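Since the structure comes first, as structure tokens, the remarks are kept for the end.
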Amino acid sequence: MTIRGLQRLLMILGGKVAAAYRALVETTFTRVMGGDRSLIKVIEANAKSNEAGPKMARAAMQNDPSPGGILPDNFLDDAVLKRKRAELELEERQIAIQERKRALKDKDLVFVKDSIGLLKSICNGELDERTSMQYQELVKNVTFTGQKSTAEGGGAASDGISVSVVAKIMGYTCTDGQLINIGSILAKKYLEKYGEKPSKHKQEHKGKIIDANSYTERDRGMMEDAIKEIMDRPPPAPAVRTDYKKLKKSA
């Protein structure tokens, strides 16, 4: 048998030697398909080697061509071309996705701009500080995080929320004193997280207009923590009153 015949025989036979040979062939084929450049040095060394193995392999390539065209001459070229096509298709899909994202952002920003114009026309050309802040947050969300505006059915994370409403949702009924304490803790948490004090907005409270801290949906977590911190505190122990008249009588 020629060297190629012996190699094919090893592929067919069972046993440890044949299994090791098949593993070697599979590994080598994978390295070739993966473009392992370390094989270049091995190939160049074998091309110059006068040892029996490389010499027989060179003679086999000349005298014993692959029967039936098992591996055509352009086999590797076709495989590389298919891989390049797959990579190009993946890149094109990624570009298309990015373009769709940019188009959605542009659509959201146009929606925000139109809604601001509508509100200004209703409010005689001026927006209050809280509304301006909410729109500022909305534009940031659309621009930097890709969050959908209401134009795409998404909820804006800049919607203003109040301590009393969140407390009611959590099942608490707060007194004015508790709300003041919660507000103080919440303002400290806000300052620690963002490095600045929360902005203010006008709010009606018991017939008076007051300046209240403004919080948005992104602050709900710290708001809930502040509410729990105050509302879950144990009630203070009742004060002990001393009856001095009884003490005098007993004395």
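So you can find residues: chains in the structure tokens are A, B, ... in the order shown, residues in each start at 1, and ligands are numbered from 1 in order.
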
(request) Considering only C-alpha atoms, return as a VMD selection string whatever protein or nucleic-acid residues lie within 9 Å of Lys189 in chain A, sequence-local ones (same chain, fewer than 6 positions apart) excluded. (result) chain A and resid 222 to 223 226

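The smallest atom-to-atom distance between Tyr194 in chain A and any of A:Arg8, A:Lys208, A:Lys48, A:Arg218, using only C-alpha atoms, is found for A:Arg218.
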
(request) Enter the distance from CA of Ser162 in chain A to CA of Leu118 in chain A, in Å, rounded to one decimal. (result) 25.2 Å

(message) Report as an MDAnalysis selection string all protein, DNA and RNA residues lying within 9 Å of Ile230 in chain A, evaluated on only C-alpha atoms, omitting residues in the same chain fewer than 6 positions from it.
(response) chainID A and resid 178:179 181:182 185

Write the selection just made, keeping N, CA and C atoms, as a short mmCIF file (atom, residue, chain, number, x, y, z; two decimals), in the first residue's frame?
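selection.cif written:
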```cif
data_model
loop_
_atom_site.label_atom_id
_atom_site.label_comp_id
_atom_site.auth_asym_id
_atom_site.auth_seq_id
_atom_site.Cartn_x
_atom_site.Cartn_y
_atom_site.Cartn_z
N GLN A 178 -44.12 62.94 60.07
CA GLN A 178 -43.41 61.82 59.45
C GLN A 178 -42.98 62.16 58.03
N LEU A 179 -43.83 62.87 57.29
CA LEU A 179 -43.47 63.27 55.93
C LEU A 179 -42.27 64.22 55.93
N ASN A 181 -39.89 64.27 58.25
CA ASN A 181 -38.71 63.45 58.57
C ASN A 181 -38.26 62.62 57.36
N ILE A 182 -39.24 62.06 56.64
CA ILE A 182 -38.91 61.28 55.45
C ILE A 182 -38.23 62.19 54.41
N ILE A 185 -34.53 62.82 55.35
CA ILE A 185 -33.67 61.65 55.07
C ILE A 185 -33.48 61.48 53.57
#
```
